[in-house]
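Enquirer: Provided herewith is a single structure, encoded as structure tokens, for subsequent inquiry.
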Amino acid sequence: MSKKTLNTANLEKLGAEKLAALVIELVQGSAALQRRARLELSAAQGPKDVAADLRKRFASLRRATSYIDWRKQRALVKDLKSLLALIESSIAPQDADEAFELLWSFVQLAPSVHERTDDSNGAVGDVFRHAVDMIAELSPRIAVNPQTLAERILDAVVDAGYGEFDGIIPATSEALGPDGLAHLKQIATIWADTAPTPAEVAAYQRFGLSSAPAESVRRAKQLTASVILADVADAQGDVDAYMARYSPEQLTYGTIAPKVARRLLAAGRVQDAYDIAHRAMTREADAPFRMLNADLDEVYEDCLEGLGKLDALKSHLWTTFEQGLNMRALQKYLRLLPDFDDVEAEEKALDKVMDHPRLNVALGFLVDWPAHDRAAKLVLARAANLDGNDYTTLTHAADTLAARHPLAATLIRRAMIDDTLNGAKSKRYRHAARHLAECQMSDLEISAYGAVLPHVRFLEALRQKHGRKYGFWSLVDG
């Protein structure tokens, strides 16, 4: 490695004096870098100094009102992550209680930050979720009154307009302990049953969404309380209390049933779990179009296995495989078969894959199984039907097959080239040029093209049809 490469080892050789001068030069004109440098200096003085400076930074973020566009959002996210890193490295190891209070204050910044930026990509929300994860790691080490913590949690969850405190109950369950969890359950129930206050109604009326704001507030409180009580029930290991938040109909929903059934399985109540999962499977089977629901399928399979219904399990796994070429289902099905029977069953399954109407899906399955000889055979037989727009699947397939099956890889790459040029997808021209160069390399390994155009003739046909796509040819000929 070059001695000029920018890495830690080479920079250390400059010595402290030169590095300090370099840092001073680099941070000039950058408020963000200057803040980071000051915080690092505080961290070197000890946890109390850096904690004080972190609180000052939190206050500054809370007071800010300017809009953060997408260009500045990346810098903001980086700044927020650096604040969490300082808490994690400089405070948490020495003072868990201080770190907990700082993380709590950090999460409370979420509304003021979200109100100033568009978090469509979820980058800002991810930072606050990471803070909650850090609270979970600290929870066993903090010294806090469980009832006081329960009251703080209720206030925080009720006021969390952006879901920033989602997951806070599981994160703090160890700190809450049995007494804190019981207290949280009690005060959440009382809060939900209390009539809406004038302030709560007025706050809801500002949105102008309902002609009966008091009733809407009541329903909203009941919904929030049900989430809190479900988390408490989870922490207490009370499956029945967790289930109580759902109606009998809701327990048949494919989004809810797996969560409930999984908890029943963990509690050793296999038959109850099966009943929940089976009703949900029946409901989805009766729907006009069954959506892929891996969570429901897997928990249903675990229920069948737990009850010893192996024939029903194998039937379900085979059907699941057939419906969507589900690789996980086929692997599990084969593991349930006796020796030698699994070999025959695998061949039967792969024959079905070869005949599957969705060619790209079948190709992806065979490449990943792996069954590369079959994948190449599939391409040679049905190349005209390849969807060249599915560049993720096809690029992976071509790269995987190129060494042993160069003709199949070439046909796959040609499909992507044709799709790009036929659609004049200029943003993909550089990829198409790369695919064409890869076809040229594979040409040296192909002994016979058969009915397929040799590379030279394919290139001639491309120039004749797409000769005016100068952006593409400049990449090919450059």
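For the structure tokens, the naming scheme is as follows: chains receive sequential letters (A, B, ...) according to their order of presentation, residues are indexed from 1 within each chain, and ligands are indexed from 1 in presentation order.
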For the structure I just gave you, how does DSSP split range 76-312 of chain A - specifically, which residues are alpha helix (DSSP H)? Reply as a PyMOL selection string.
Expert: chain A and resi 76-86+96-107+110-114+123-138+146-159+168-171+173-193+198-205+213-236+239-243+257-266+270-285+294-306+310-312
Enquirer: What's the 12 Å shell around Asp477 in chain A, counting only C-alpha atoms, without same-chain residues fewer than 2 positions away, as number ranges by chain?
Expert: A: 430, 433-434, 436-437, 463, 470-475
Enquirer: I need the chosen residues saved as a PDB file, in the first residue's frame, with N, CA and C atoms.
Expert:
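Once everything was written out, this is again.pdb:
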ATOM      1  N   ARG A 430     -24.129   3.259 -20.221  1.00  0.00           N
ATOM      2  CA  ARG A 430     -22.807   2.791 -19.778  1.00  0.00           C
ATOM      3  C   ARG A 430     -22.863   1.314 -19.368  1.00  0.00           C
ATOM      4  N   ALA A 433     -23.011  -0.683 -22.606  1.00  0.00           N
ATOM      5  CA  ALA A 433     -21.677  -0.734 -23.219  1.00  0.00           C
ATOM      6  C   ALA A 433     -20.814  -1.768 -22.501  1.00  0.00           C
ATOM      7  N   ARG A 434     -20.939  -1.848 -21.188  1.00  0.00           N
ATOM      8  CA  ARG A 434     -20.187  -2.853 -20.439  1.00  0.00           C
ATOM      9  C   ARG A 434     -20.654  -4.256 -20.801  1.00  0.00           C
ATOM     10  N   LEU A 436     -21.896  -5.190 -23.598  1.00  0.00           N
ATOM     11  CA  LEU A 436     -21.413  -5.498 -24.949  1.00  0.00           C
ATOM     12  C   LEU A 436     -19.943  -5.911 -24.900  1.00  0.00           C
ATOM     13  N   ALA A 437     -19.159  -5.236 -24.065  1.00  0.00           N
ATOM     14  CA  ALA A 437     -17.751  -5.622 -23.913  1.00  0.00           C
ATOM     15  C   ALA A 437     -17.640  -7.016 -23.311  1.00  0.00           C
ATOM     16  N   ARG A 463     -25.486  -1.728 -34.838  1.00  0.00           N
ATOM     17  CA  ARG A 463     -25.098  -0.473 -35.488  1.00  0.00           C
ATOM     18  C   ARG A 463     -26.114  -0.069 -36.547  1.00  0.00           C
ATOM     19  N   TYR A 470     -25.649   8.107 -30.425  1.00  0.00           N
ATOM     20  CA  TYR A 470     -24.234   8.443 -30.320  1.00  0.00           C
ATOM     21  C   TYR A 470     -23.713   8.339 -28.881  1.00  0.00           C
ATOM     22  N   GLY A 471     -24.588   8.596 -27.912  1.00  0.00           N
ATOM     23  CA  GLY A 471     -24.158   8.493 -26.518  1.00  0.00           C
ATOM     24  C   GLY A 471     -23.697   7.095 -26.172  1.00  0.00           C
ATOM     25  N   PHE A 472     -24.408   6.101 -26.725  1.00  0.00           N
ATOM     26  CA  PHE A 472     -24.035   4.717 -26.476  1.00  0.00           C
ATOM     27  C   PHE A 472     -22.749   4.361 -27.203  1.00  0.00           C
ATOM     28  N   TRP A 473     -22.652   4.679 -28.484  1.00  0.00           N
ATOM     29  CA  TRP A 473     -21.497   4.274 -29.285  1.00  0.00           C
ATOM     30  C   TRP A 473     -20.239   4.991 -28.847  1.00  0.00           C
ATOM     31  N   SER A 474     -20.362   6.205 -28.289  1.00  0.00           N
ATOM     32  CA  SER A 474     -19.157   6.884 -27.796  1.00  0.00           C
ATOM     33  C   SER A 474     -18.549   6.109 -26.629  1.00  0.00           C
ATOM     34  N   LEU A 475     -19.404   5.413 -25.860  1.00  0.00           N
ATOM     35  CA  LEU A 475     -18.908   4.586 -24.760  1.00  0.00           C
ATOM     36  C   LEU A 475     -18.305   3.282 -25.271  1.00  0.00           C
TER      37      LEU A 475
END
Enquirer: Of the candidates A:Ile276, A:Gly364, A:Glu88, A:Leu181, which shows the shortest atom-to-atom distance to Leu229 in chain A, using only C-alpha atoms?
Expert: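 Comparing A:Ile276, A:Gly364, A:Glu88, A:Leu181 against Leu229 in chain A, the winner is A:Leu181.
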Enquirer: Using only C-alpha atoms, pick whichever of A:Phe106, A:Tyr242, A:Trp369, A:Tyr300 has the shortest atom-to-atom distance to Leu330 in chain A.
Expert: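 Ranking A:Phe106, A:Tyr242, A:Trp369, A:Tyr300 by distance to Leu330 in chain A, first place goes to A:Trp369.
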Enquirer: Find the spatial neighbours of Glu164 in chain A, counting only C-alpha atoms, within a cut-off of 8 Å - ignore same-chain residues fewer than 6 positions away - and output them as a PyMOL selection string.
Expert: chain A and resi 107-108+110+125+128-129
Enquirer: So, counting only C-alpha atoms, which residue among A:Val201, A:Ala384, A:Leu296, A:Ile412 is closest to Ala397 in chain A?
Expert: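 Checking each candidate against Ala397 in chain A, we get A:Ile412 as the closest.
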Enquirer: What is the distance between CA of Pro406 in chain A and CA of Leu359 in chain A, in Å to one decimal?
Expert: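 If I compute the distance from CA of Pro406 in chain A to CA of Leu359 in chain A, I get 19.1 Å.
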Enquirer: What is the CA of Glu344 in chain A to CA of Asp311 in chain A distance in Å?
Expert: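 Spanning CA of Glu344 in chain A to CA of Asp311 in chain A is a straight-line distance of 17.8 Å.
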Enquirer: As an exercise, work out the distance from CA of Leu223 in chain A to CA of Leu251 in chain A in Å and give it to one decimal place.
Expert: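 Between CA of Leu223 in chain A and CA of Leu251 in chain A the gap works out to 16.2 Å.
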Enquirer: Restricting the calculation to only C-alpha atoms, which member of A:Thr320, A:Ser247, A:Gln186, A:Ser315 is positioned closest to Asn293 in chain A?
Expert: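 Between A:Thr320, A:Ser247, A:Gln186, A:Ser315, the residue approaching Asn293 in chain A most closely is A:Thr320.
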